[in-house]
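Undergrad: Quick one, entry32.cif (mmCIF, C-alpha atoms):
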```cif
data_start
loop_
_atom_site.label_atom_id
_atom_site.label_comp_id
_atom_site.auth_asym_id
_atom_site.auth_seq_id
_atom_site.Cartn_x
_atom_site.Cartn_y
_atom_site.Cartn_z
CA MET Q 1 -30.89 52.71 29.82
CA ASN Q 2 -31.50 49.04 29.06
CA ARG Q 3 -28.59 47.12 27.59
CA ALA Q 4 -29.40 45.48 24.28
CA ALA Q 5 -29.72 41.72 24.44
CA PRO Q 6 -27.17 39.71 22.46
CA SER Q 7 -28.37 38.57 19.07
CA THR Q 8 -29.58 35.01 18.61
CA ALA Q 9 -26.80 34.38 16.07
CA ALA Q 10 -24.09 35.59 18.45
CA THR Q 11 -25.49 33.47 21.28
CA SER Q 12 -25.66 30.44 18.98
CA ASP Q 13 -22.04 30.94 17.84
CA ALA Q 14 -20.82 31.25 21.43
CA SER Q 15 -22.69 28.07 22.37
CA ARG Q 16 -21.23 26.22 19.37
CA LEU Q 17 -17.70 27.38 20.22
CA GLY Q 18 -18.03 26.21 23.81
CA SER Q 19 -19.45 22.88 22.67
CA LEU Q 20 -16.58 22.35 20.21
CA LEU Q 21 -13.95 23.13 22.83
CA ARG Q 22 -15.52 20.76 25.34
CA GLU Q 23 -15.77 17.99 22.73
CA TRP Q 24 -12.12 18.38 21.79
CA ARG Q 25 -10.97 18.57 25.40
CA ALA Q 26 -12.84 15.33 26.09
CA ALA Q 27 -11.31 13.68 23.01
CA ARG Q 28 -7.82 14.72 24.13
CA ARG Q 29 -8.60 13.90 27.77
CA LEU Q 30 -7.74 17.40 28.93
CA SER Q 31 -9.30 19.34 31.76
CA GLN Q 32 -9.99 23.05 31.39
CA LEU Q 33 -6.88 23.71 33.46
CA ASP Q 34 -4.75 21.34 31.33
CA LEU Q 35 -5.81 23.06 28.12
CA ALA Q 36 -5.33 26.53 29.58
CA LEU Q 37 -1.79 25.67 30.67
CA ASP Q 38 -0.94 24.09 27.30
CA ALA Q 39 -2.33 27.09 25.40
CA GLY Q 40 -0.78 29.72 27.70
CA VAL Q 41 -4.06 31.30 28.74
CA SER Q 42 -5.73 31.63 32.14
CA ALA Q 43 -8.17 28.93 33.21
CA ARG Q 44 -10.68 31.66 34.09
CA HIS Q 45 -10.48 33.15 30.58
CA LEU Q 46 -10.90 29.72 28.98
CA SER Q 47 -13.91 29.03 31.21
CA CYS Q 48 -15.48 32.31 30.10
CA VAL Q 49 -14.85 31.42 26.44
CA GLU Q 50 -16.50 28.01 26.85
CA THR Q 51 -19.55 29.54 28.54
CA GLY Q 52 -19.83 32.35 25.99
CA LYS Q 53 -19.06 35.12 28.46
CA SER Q 54 -15.84 36.12 26.68
CA GLN Q 55 -14.97 36.56 23.01
CA PRO Q 56 -11.60 34.93 22.18
CA SER Q 57 -9.15 36.58 19.81
CA ARG Q 58 -7.95 34.86 16.64
CA ASP Q 59 -4.59 34.37 18.33
CA MET Q 60 -6.21 32.62 21.27
CA ILE Q 61 -8.19 30.37 18.91
CA ALA Q 62 -4.93 29.45 17.15
CA ARG Q 63 -3.23 28.63 20.46
CA LEU Q 64 -6.15 26.50 21.61
CA ALA Q 65 -6.20 24.65 18.27
CA ASP Q 66 -2.44 24.01 18.53
CA ALA Q 67 -2.80 22.69 22.07
CA LEU Q 68 -5.64 20.40 20.94
CA ASP Q 69 -3.69 19.28 17.84
CA MET Q 70 -6.70 19.96 15.63
CA PRO Q 71 -6.74 19.23 11.88
CA LEU Q 72 -7.06 22.20 9.53
CA ARG Q 73 -10.75 21.56 8.78
CA GLU Q 74 -11.57 21.57 12.49
CA ARG Q 75 -9.48 24.71 13.04
CA ASN Q 76 -11.61 26.45 10.44
CA ALA Q 77 -14.76 25.26 12.22
CA LEU Q 78 -13.43 26.66 15.50
CA LEU Q 79 -12.70 30.03 13.88
CA VAL Q 80 -16.16 30.19 12.32
CA ALA Q 81 -17.80 29.30 15.65
CA ALA Q 82 -15.82 32.17 17.23
CA GLY Q 83 -17.14 34.57 14.59
CA TYR Q 84 -14.06 34.71 12.36
CA ALA Q 85 -13.46 33.80 8.73
CA PRO Q 86 -11.80 30.43 8.01
CA ARG Q 87 -8.03 30.64 7.77
CA TYR Q 88 -7.19 27.58 5.69
CA PRO Q 89 -8.41 27.14 2.11
CA GLU Q 90 -10.02 23.95 0.82
CA THR Q 91 -8.98 23.72 -2.82
CA ALA Q 92 -10.40 21.10 -5.17
CA LEU Q 93 -7.74 18.76 -6.49
CA ALA Q 94 -8.75 19.49 -10.09
CA THR Q 95 -8.18 23.26 -9.83
CA PRO Q 96 -5.15 25.00 -11.41
CA GLU Q 97 -3.87 25.96 -7.93
CA LEU Q 98 -3.12 22.30 -7.20
CA ALA Q 99 -1.88 21.39 -10.68
CA GLN Q 100 1.66 20.65 -9.47
CA VAL Q 101 0.35 18.51 -6.64
CA ARG Q 102 -1.90 16.59 -9.01
CA ARG Q 103 1.03 15.96 -11.39
CA ALA Q 104 3.08 14.60 -8.48
CA ILE Q 105 0.21 12.30 -7.47
CA GLU Q 106 -0.24 11.09 -11.04
CA PHE Q 107 3.49 10.34 -11.20
CA ILE Q 108 3.29 8.27 -8.00
CA LEU Q 109 0.28 6.34 -9.32
CA ALA Q 110 2.01 5.65 -12.66
CA GLN Q 111 5.24 4.53 -10.97
CA GLN Q 112 3.29 2.01 -8.87
CA GLU Q 113 2.34 0.01 -11.97
CA PRO Q 114 1.69 -2.87 -12.37
CA TYR Q 115 0.54 -2.81 -8.74
CA PRO Q 116 -2.55 -0.98 -7.43
CA ALA Q 117 -2.50 2.53 -5.97
CA PHE Q 118 -5.33 4.82 -4.83
CA VAL Q 119 -5.82 8.40 -3.70
CA LEU Q 120 -8.24 8.63 -0.77
CA ASN Q 121 -9.72 11.47 1.24
CA ARG Q 122 -10.33 11.38 4.99
CA HIS Q 123 -13.54 9.34 4.58
CA TRP Q 124 -11.94 6.72 2.29
CA ASP Q 125 -13.60 8.06 -0.88
CA VAL Q 126 -11.47 6.97 -3.85
CA LEU Q 127 -10.56 10.18 -5.70
CA MET Q 128 -8.04 8.69 -8.13
CA ALA Q 129 -6.69 5.24 -8.94
CA ASN Q 130 -4.14 3.84 -11.34
CA ALA Q 131 -4.95 1.37 -14.10
CA ALA Q 132 -3.55 -1.51 -12.03
CA ALA Q 133 -6.12 -0.90 -9.31
CA MET Q 134 -8.93 -1.09 -11.85
CA ARG Q 135 -7.45 -4.23 -13.45
CA VAL Q 136 -7.13 -6.08 -10.14
CA ASN Q 137 -10.65 -5.07 -9.03
CA ALA Q 138 -12.11 -6.15 -12.36
CA PHE Q 139 -10.24 -9.48 -12.15
CA VAL Q 140 -11.39 -10.47 -8.65
CA MET Q 141 -14.94 -9.20 -9.28
CA HIS Q 142 -15.23 -11.12 -12.58
CA GLY Q 143 -15.50 -7.94 -14.62
CA ARG Q 144 -18.21 -6.32 -12.49
CA THR Q 145 -17.92 -2.64 -11.60
CA SER Q 146 -18.07 -1.61 -7.96
CA ALA Q 147 -21.30 0.09 -6.90
CA HIS Q 148 -19.36 2.35 -4.50
CA THR Q 149 -16.62 4.93 -4.85
CA ASN Q 150 -15.86 4.60 -1.14
CA MET Q 151 -13.31 1.95 -0.14
CA ILE Q 152 -14.92 1.11 3.21
CA ARG Q 153 -18.33 0.63 1.58
CA GLN Q 154 -16.69 -1.62 -1.03
CA ILE Q 155 -15.14 -3.76 1.70
CA PHE Q 156 -18.33 -4.03 3.79
CA ASP Q 157 -21.01 -4.46 1.09
CA PRO Q 158 -21.59 -8.23 0.52
CA ASP Q 159 -22.48 -7.49 -3.12
CA ASP Q 160 -19.26 -5.58 -3.75
CA LEU Q 161 -15.55 -6.24 -3.17
CA ARG Q 162 -16.24 -7.92 0.18
CA ALA Q 163 -17.05 -11.19 -1.55
CA ALA Q 164 -13.52 -11.28 -2.99
CA VAL Q 165 -11.62 -10.50 0.23
CA ASP Q 166 -10.34 -13.84 1.52
CA ASN Q 167 -9.41 -12.50 4.98
CA TRP Q 168 -12.43 -10.19 5.24
CA GLU Q 169 -12.85 -10.15 9.01
CA GLU Q 170 -9.20 -9.20 9.52
CA VAL Q 171 -9.27 -6.42 6.89
CA ALA Q 172 -12.71 -5.07 7.83
CA GLY Q 173 -11.86 -5.17 11.54
CA ASP Q 174 -8.73 -3.13 10.90
CA LEU Q 175 -10.73 -0.55 8.94
CA ILE Q 176 -13.28 -0.30 11.75
CA ARG Q 177 -10.49 0.35 14.26
CA HIS Q 178 -9.15 3.11 12.02
CA LEU Q 179 -12.63 4.63 11.64
CA HIS Q 180 -13.31 4.50 15.39
CA GLY Q 181 -9.92 6.10 15.98
CA GLU Q 182 -10.57 8.94 13.55
CA ILE Q 183 -13.96 9.65 15.12
CA ALA Q 184 -12.34 9.78 18.56
CA ALA Q 185 -9.62 12.08 17.22
CA ALA Q 186 -12.10 14.41 15.46
CA PRO Q 187 -15.32 14.35 17.51
CA SER Q 188 -17.10 16.92 15.34
CA ASP Q 189 -16.75 14.81 12.16
CA THR Q 190 -20.38 13.81 11.69
CA ALA Q 191 -19.73 12.31 8.24
CA ALA Q 192 -17.32 9.76 9.74
CA ARG Q 193 -19.91 8.82 12.38
CA GLU Q 194 -22.56 8.38 9.68
CA LEU Q 195 -20.19 6.21 7.63
CA LEU Q 196 -19.51 4.03 10.68
CA ASP Q 197 -23.24 3.59 11.37
CA GLU Q 198 -23.86 2.75 7.71
CA VAL Q 199 -21.23 0.04 7.36
CA LEU Q 200 -22.05 -1.51 10.75
CA ALA Q 201 -25.60 -2.05 9.44
CA PHE Q 202 -24.42 -4.38 6.65
CA PRO Q 203 -25.20 -8.08 7.27
CA GLY Q 204 -22.62 -10.27 8.96
CA VAL Q 205 -20.80 -7.44 10.74
CA PRO Q 206 -19.81 -8.53 14.28
CA ALA Q 207 -21.77 -6.69 16.99
CA ARG Q 208 -18.57 -6.11 19.00
CA TRP Q 209 -17.36 -3.68 16.31
CA ARG Q 210 -20.01 -1.16 17.39
CA LEU Q 211 -17.85 -0.20 20.34
CA ARG Q 212 -14.33 1.13 20.08
CA ASP Q 213 -11.72 -1.23 21.48
CA VAL Q 214 -9.25 1.21 23.03
CA GLU Q 215 -6.79 -1.61 23.74
CA ALA Q 216 -6.57 -2.76 20.11
CA ALA Q 217 -4.46 -0.53 17.87
CA PRO Q 218 -4.77 -0.81 14.05
CA THR Q 219 -2.37 -3.33 12.57
CA PRO Q 220 0.84 -1.57 11.40
CA LEU Q 221 1.31 -3.92 8.44
CA LEU Q 222 -1.81 -5.72 7.24
CA THR Q 223 -1.92 -8.19 4.37
CA THR Q 224 -5.05 -8.05 2.22
CA VAL Q 225 -5.80 -11.31 0.40
CA LEU Q 226 -8.03 -11.11 -2.68
CA ARG Q 227 -9.32 -14.24 -4.35
CA ARG Q 228 -10.77 -15.37 -7.64
CA ASP Q 229 -11.29 -19.08 -8.13
CA GLU Q 230 -7.91 -20.72 -7.43
CA HIS Q 231 -6.02 -17.41 -7.55
CA ARG Q 232 -4.94 -15.52 -4.43
CA LEU Q 233 -3.48 -12.02 -4.60
CA ARG Q 234 -1.71 -10.90 -1.42
CA PHE Q 235 -0.84 -7.22 -0.89
CA PHE Q 236 0.47 -5.01 1.88
CA SER Q 237 0.03 -1.25 1.72
CA THR Q 238 1.95 1.91 2.48
CA ILE Q 239 0.28 5.30 3.05
CA THR Q 240 1.80 8.57 1.79
CA THR Q 241 0.60 11.95 3.10
CA PHE Q 242 1.69 15.53 2.48
CA GLY Q 243 3.94 17.07 5.12
CA THR Q 244 3.05 20.45 6.69
CA PRO Q 245 0.08 21.17 4.38
CA ARG Q 246 -1.60 24.58 4.51
CA ASP Q 247 -4.67 23.47 2.60
CA VAL Q 248 -7.51 21.33 3.97
CA THR Q 249 -7.63 19.16 0.85
CA LEU Q 250 -3.93 18.36 0.95
CA GLU Q 251 -3.96 17.55 4.65
CA GLU Q 252 -6.71 15.00 4.14
CA LEU Q 253 -5.26 13.27 1.04
CA ARG Q 254 -3.74 9.81 1.43
CA ILE Q 255 -2.00 7.87 -1.32
CA GLU Q 256 -2.23 4.12 -0.71
CA CYS Q 257 0.26 1.99 -2.65
CA CYS Q 258 -0.20 -1.79 -2.67
CA PHE Q 259 2.81 -4.10 -2.97
CA PRO Q 260 2.80 -7.85 -3.68
CA VAL Q 261 3.64 -10.08 -0.74
CA ASP Q 262 4.76 -12.98 -2.93
CA GLU Q 263 5.97 -13.68 -6.45
CA ALA Q 264 2.69 -15.32 -7.46
CA THR Q 265 0.87 -12.03 -6.82
CA ALA Q 266 3.54 -10.04 -8.64
CA ALA Q 267 3.40 -12.39 -11.63
CA LEU Q 268 -0.39 -12.19 -11.86
CA CYS Q 269 -0.26 -8.38 -11.74
CA ARG Q 270 2.29 -8.36 -14.55
CA ARG Q 271 0.13 -10.75 -16.57
CA LEU Q 272 -2.98 -8.59 -16.12
CA ALA Q 273 -1.00 -5.54 -17.31
CA LYS Q 274 0.34 -7.41 -20.31
CA ASP Q 275 -3.11 -8.72 -21.28
CA ALA Q 276 -4.57 -5.19 -20.98
CA GLY Q 277 -1.77 -3.79 -23.11
#
```
Please re-express this file's structure in structure tokens.
TA:
Amino acid sequence: MNRAAPSTAATSDASRLGSLLREWRAARRLSQLDLALDAGVSARHLSCVETGKSQPSRDMIARLADALDMPLRERNALLVAAGYAPRYPETALATPELAQVRRAIEFILAQQEPYPAFVLNRHWDVLMANAAAMRVNAFVMHGRTSAHTNMIRQIFDPDDLRAAVDNWEEVAGDLIRHLHGEIAAAPSDTAARELLDEVLAFPGVPARWRLRDVEAAPTPLLTTVLRRDEHRLRFFSTITTFGTPRDVTLEELRIECCFPVDEATAALCRRLAKDAG
């Protein structure tokens, strides 16, 4: 009796799973043996999983994901590639399930007044912002509205916020290092790669930024200087994330709060709030 050939879909899934595991091992600089030891499985079994000769259990997928320190979105992708349903939900921020979380975020944004604060996702899309953020942007852009809802595009587009960033090369270079780092940490994130290619194509972007500088870590405390005429607004930022999230959306949310570096910046923010009121 002839044995039935594996279906095209099953073969494709096995190939995708092996490809994902190899990509993540390369990103974490782990050999097959290293990963097998960290995950508590045999190197032979792992080799068979990567080549599609063996079907891993959900438990094995979880152990491999833990050993690779994979984000929740990528863990779901690994499960799907292995033929299983995703484990972690991705709930829209506006849904009733995240109402308490949204109220907490709104409270943080309100408490940051009269200084800017934003809610960003993993690709720097601005999901929410307080009134101070909109006032400051409108002030430095002479009342113009940004053409982008993505912070990196705003910073890199010469016709957008970039024109108002006094220390543009320092700020943009730091963002590029972050973006390169996130791509290296999540090799299957094609959207991040596309964003990097897009912003590198803007005019005036140094050619050296096309390659990741592994020796240069992102600046731990960066001052962003915005200008309008004789005015200079100087801010440093803090990033808040949710601890031990069990939802893809929550894991990827970042709340960026901007604080004035000097009294002149603080006074101008207070004045803008008073004039708006």
Undergrad: When you count all atoms listed in the file, which of these residues is closest to Phe139 of chain Q: Q:Leu272, Q:Val165, Q:Ile255, Q:Val199?
TA: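 Answer, going by the shortest atom-to-atom distance: Q:Leu272.
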Undergrad: Run through the PyMOL selection byres ((chain Q and resi 77-87) around 6) on the given coordinates and return the selected residues as a ChimeraX atom specification.
TA: /Q:13,16-17,74-76,88
Undergrad: Pick from Q:Ala110, Q:Leu120, Q:Leu72, Q:Ala186: nearest to Ala132 of chain Q, with all atoms listed in the file counted?
TA: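 Closest to Ala132 of chain Q of all the choices is Q:Ala110.
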Undergrad: For the PyMOL selection byres ((chain Q and resi 90-95) around 10), applied here, can you spell out every residue it catches as a PyMOL selection string?
TA: chain Q and resi 72-73+86-89+96-99+101-102+127+246-251+253
Undergrad: One number please: atom CA of Asp34 of chain Q to atom CA of Leu64 of chain Q, in Å, one decimal.
TA: 11.1 Å
Undergrad: Could you tell me how far atom CA of Ile105 of chain Q sits from atom CA of Glu194 of chain Q, in Å to one decimal place?
TA: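 For atom CA of Glu194 of chain Q relative to atom CA of Ile105 of chain Q, the distance reads 28.8 Å.
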Undergrad: Return as number ranges by chain the set of residues that the PyMOL selection byres ((chain Q and resi 36) around 12) yields on the displayed structure.
TA: Q: 21, 25, 30-35, 37-50, 60-61, 63-68
Undergrad: Taking into account all atoms listed in the file, which residue in the set Q:Leu221, Q:Ile108, Q:Leu226, Q:Ala26 is nearest to Thr241 of chain Q?
TA: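 Checking each of Q:Leu221, Q:Ile108, Q:Leu226, Q:Ala26 against Thr241 of chain Q, counting all atoms listed in the file, the winner is Q:Ile108.
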Undergrad: Please, what distance in Å, to one decimal, runs between atom CA of Phe107 of chain Q and atom CA of Val140 of chain Q?
TA: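 The value is 25.7 Å.
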Undergrad: Pick out the closest residue to Leu233 of chain Q from this set: Q:Asp59, Q:Asp125, Q:Glu263, Q:Asp174. Count all atoms listed in the file.
TA: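 Of all the options, Q:Glu263 lies closest to Leu233 of chain Q.
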Undergrad: Nearest to Leu109 of chain Q among Q:Ala131, Q:Gly52, Q:Leu268, Q:Arg122, with distances taken over all atoms listed in the file: which residue is it?
TA: Q:Ala131
Undergrad: With only C-alpha atoms as the basis for distance, which of Q:Gly173, Q:Gly143, Q:Pro260, Q:Pro206 is at the shortest distance from Arg232 of chain Q?
TA: Q:Pro260
Undergrad: So that I can check the surroundings of Arg234 of chain Q, please list as a list in words every protein, DNA and RNA residue that reaches within 10 Å of it, counting all atoms listed in the file and ignoring chain neighbours fewer than 2 positions away.
TA: Asp166, Thr223, Thr224, Val225, Leu226, Arg227, His231, Arg232, Phe236, Cys258, Phe259, Pro260, Val261, Asp262, Glu263, Ala264, Thr265 and Ala266 of chain Q
Undergrad: Around the point (-18.4, 7.6, 9.1), in the coordinates given by the file, pick out the residues reaching within 12 Å, counting only C-alpha atoms, and return them as a ChimeraX atom specification.
TA: /Q:122-125,150-153,175-184,186-200
Undergrad: Extract, using only C-alpha atoms, all DNA, RNA and protein residues at most 7 Å from Phe202 of chain Q, discarding same-chain residues fewer than 3 positions from it, and format them as a short mmCIF file (atom, residue, chain, number, x, y, z; two decimals) with C-alpha atoms, keeping the file's coordinate frame.
TA:
```cif
data_model
loop_
_atom_site.label_atom_id
_atom_site.label_comp_id
_atom_site.auth_asym_id
_atom_site.auth_seq_id
_atom_site.Cartn_x
_atom_site.Cartn_y
_atom_site.Cartn_z
CA PHE Q 156 -18.33 -4.03 3.79
CA ASP Q 157 -21.01 -4.46 1.09
CA VAL Q 199 -21.23 0.04 7.36
CA VAL Q 205 -20.80 -7.44 10.74
#
```
Undergrad: For segment 67-98 of chain Q, which lacks atoms in the input, supply N, CA and C atoms and format the output as a PDB file, keeping the file's coordinate frame.
TA:
```pdb
ATOM      1  N   ALA Q  67      -2.850  23.513  20.862  1.00  0.00           N
ATOM      2  CA  ALA Q  67      -2.800  22.690  22.070  1.00  0.00           C
ATOM      3  C   ALA Q  67      -3.658  21.438  21.926  1.00  0.00           C
ATOM      4  N   LEU Q  68      -4.749  21.541  21.161  1.00  0.00           N
ATOM      5  CA  LEU Q  68      -5.640  20.400  20.940  1.00  0.00           C
ATOM      6  C   LEU Q  68      -5.228  19.551  19.746  1.00  0.00           C
ATOM      7  N   ASP Q  69      -4.185  19.996  19.026  1.00  0.00           N
ATOM      8  CA  ASP Q  69      -3.690  19.280  17.840  1.00  0.00           C
ATOM      9  C   ASP Q  69      -4.818  19.019  16.848  1.00  0.00           C
ATOM     10  N   MET Q  70      -5.535  20.074  16.499  1.00  0.00           N
ATOM     11  CA  MET Q  70      -6.700  19.960  15.630  1.00  0.00           C
ATOM     12  C   MET Q  70      -6.300  19.976  14.155  1.00  0.00           C
ATOM     13  N   PRO Q  71      -6.946  19.153  13.326  1.00  0.00           N
ATOM     14  CA  PRO Q  71      -6.740  19.230  11.880  1.00  0.00           C
ATOM     15  C   PRO Q  71      -7.193  20.576  11.331  1.00  0.00           C
ATOM     16  N   LEU Q  72      -6.749  20.904  10.116  1.00  0.00           N
ATOM     17  CA  LEU Q  72      -7.060  22.200   9.530  1.00  0.00           C
ATOM     18  C   LEU Q  72      -8.559  22.431   9.373  1.00  0.00           C
ATOM     19  N   ARG Q  73      -9.295  21.408   8.951  1.00  0.00           N
ATOM     20  CA  ARG Q  73     -10.750  21.560   8.780  1.00  0.00           C
ATOM     21  C   ARG Q  73     -11.399  21.934  10.104  1.00  0.00           C
ATOM     22  N   GLU Q  74     -10.975  21.297  11.180  1.00  0.00           N
ATOM     23  CA  GLU Q  74     -11.570  21.570  12.490  1.00  0.00           C
ATOM     24  C   GLU Q  74     -11.125  22.929  13.024  1.00  0.00           C
ATOM     25  N   ARG Q  75      -9.914  23.368  12.651  1.00  0.00           N
ATOM     26  CA  ARG Q  75      -9.480  24.710  13.040  1.00  0.00           C
ATOM     27  C   ARG Q  75     -10.363  25.766  12.386  1.00  0.00           C
ATOM     28  N   ASN Q  76     -10.692  25.538  11.114  1.00  0.00           N
ATOM     29  CA  ASN Q  76     -11.610  26.450  10.440  1.00  0.00           C
ATOM     30  C   ASN Q  76     -12.967  26.498  11.136  1.00  0.00           C
ATOM     31  N   ALA Q  77     -13.463  25.319  11.539  1.00  0.00           N
ATOM     32  CA  ALA Q  77     -14.760  25.260  12.220  1.00  0.00           C
ATOM     33  C   ALA Q  77     -14.712  26.027  13.544  1.00  0.00           C
ATOM     34  N   LEU Q  78     -13.583  25.940  14.229  1.00  0.00           N
ATOM     35  CA  LEU Q  78     -13.430  26.660  15.500  1.00  0.00           C
ATOM     36  C   LEU Q  78     -13.422  28.162  15.264  1.00  0.00           C
ATOM     37  N   LEU Q  79     -12.733  28.594  14.214  1.00  0.00           N
ATOM     38  CA  LEU Q  79     -12.700  30.030  13.880  1.00  0.00           C
ATOM     39  C   LEU Q  79     -14.088  30.541  13.527  1.00  0.00           C
ATOM     40  N   VAL Q  80     -14.820  29.781  12.724  1.00  0.00           N
ATOM     41  CA  VAL Q  80     -16.160  30.190  12.320  1.00  0.00           C
ATOM     42  C   VAL Q  80     -17.085  30.277  13.541  1.00  0.00           C
ATOM     43  N   ALA Q  81     -16.969  29.286  14.442  1.00  0.00           N
ATOM     44  CA  ALA Q  81     -17.800  29.300  15.650  1.00  0.00           C
ATOM     45  C   ALA Q  81     -17.472  30.502  16.531  1.00  0.00           C
ATOM     46  N   ALA Q  82     -16.219  30.991  16.449  1.00  0.00           N
ATOM     47  CA  ALA Q  82     -15.820  32.170  17.230  1.00  0.00           C
ATOM     48  C   ALA Q  82     -16.149  33.473  16.522  1.00  0.00           C
ATOM     49  N   GLY Q  83     -16.727  33.374  15.315  1.00  0.00           N
ATOM     50  CA  GLY Q  83     -17.140  34.570  14.590  1.00  0.00           C
ATOM     51  C   GLY Q  83     -16.114  35.100  13.607  1.00  0.00           C
ATOM     52  N   TYR Q  84     -15.097  34.283  13.280  1.00  0.00           N
ATOM     53  CA  TYR Q  84     -14.060  34.710  12.360  1.00  0.00           C
ATOM     54  C   TYR Q  84     -14.163  33.947  11.029  1.00  0.00           C
ATOM     55  N   ALA Q  85     -13.510  34.479  10.020  1.00  0.00           N
ATOM     56  CA  ALA Q  85     -13.460  33.800   8.730  1.00  0.00           C
ATOM     57  C   ALA Q  85     -12.500  32.609   8.806  1.00  0.00           C
ATOM     58  N   PRO Q  86     -12.738  31.560   8.028  1.00  0.00           N
ATOM     59  CA  PRO Q  86     -11.800  30.430   8.010  1.00  0.00           C
ATOM     60  C   PRO Q  86     -10.419  30.889   7.567  1.00  0.00           C
ATOM     61  N   ARG Q  87      -9.400  30.253   8.093  1.00  0.00           N
ATOM     62  CA  ARG Q  87      -8.030  30.640   7.770  1.00  0.00           C
ATOM     63  C   ARG Q  87      -7.436  29.774   6.659  1.00  0.00           C
ATOM     64  N   TYR Q  88      -7.838  28.519   6.603  1.00  0.00           N
ATOM     65  CA  TYR Q  88      -7.190  27.580   5.690  1.00  0.00           C
ATOM     66  C   TYR Q  88      -8.092  27.286   4.497  1.00  0.00           C
ATOM     67  N   PRO Q  89      -7.583  27.403   3.292  1.00  0.00           N
ATOM     68  CA  PRO Q  89      -8.410  27.140   2.110  1.00  0.00           C
ATOM     69  C   PRO Q  89      -8.665  25.640   1.929  1.00  0.00           C
ATOM     70  N   GLU Q  90      -9.726  25.332   1.218  1.00  0.00           N
ATOM     71  CA  GLU Q  90     -10.020  23.950   0.820  1.00  0.00           C
ATOM     72  C   GLU Q  90     -10.157  23.945  -0.695  1.00  0.00           C
ATOM     73  N   THR Q  91      -9.066  23.597  -1.364  1.00  0.00           N
ATOM     74  CA  THR Q  91      -8.980  23.720  -2.820  1.00  0.00           C
ATOM     75  C   THR Q  91      -9.231  22.378  -3.477  1.00  0.00           C
ATOM     76  N   ALA Q  92     -10.126  22.349  -4.450  1.00  0.00           N
ATOM     77  CA  ALA Q  92     -10.400  21.100  -5.170  1.00  0.00           C
ATOM     78  C   ALA Q  92      -9.153  20.629  -5.887  1.00  0.00           C
ATOM     79  N   LEU Q  93      -8.948  19.324  -5.894  1.00  0.00           N
ATOM     80  CA  LEU Q  93      -7.740  18.760  -6.490  1.00  0.00           C
ATOM     81  C   LEU Q  93      -7.626  19.065  -7.974  1.00  0.00           C
ATOM     82  N   ALA Q  94      -8.757  19.260  -8.640  1.00  0.00           N
ATOM     83  CA  ALA Q  94      -8.750  19.490 -10.090  1.00  0.00           C
ATOM     84  C   ALA Q  94      -8.475  20.936 -10.480  1.00  0.00           C
ATOM     85  N   THR Q  95      -8.369  21.845  -9.504  1.00  0.00           N
ATOM     86  CA  THR Q  95      -8.180  23.260  -9.830  1.00  0.00           C
ATOM     87  C   THR Q  95      -6.728  23.547 -10.225  1.00  0.00           C
ATOM     88  N   PRO Q  96      -6.515  24.645 -10.996  1.00  0.00           N
ATOM     89  CA  PRO Q  96      -5.150  25.000 -11.410  1.00  0.00           C
ATOM     90  C   PRO Q  96      -4.199  25.231 -10.232  1.00  0.00           C
ATOM     91  N   GLU Q  97      -4.732  25.689  -9.087  1.00  0.00           N
ATOM     92  CA  GLU Q  97      -3.870  25.960  -7.930  1.00  0.00           C
ATOM     93  C   GLU Q  97      -3.144  24.712  -7.443  1.00  0.00           C
ATOM     94  N   LEU Q  98      -3.739  23.545  -7.657  1.00  0.00           N
ATOM     95  CA  LEU Q  98      -3.120  22.300  -7.200  1.00  0.00           C
ATOM     96  C   LEU Q  98      -2.596  21.456  -8.370  1.00  0.00           C
TER      97      LEU Q  98
END
```
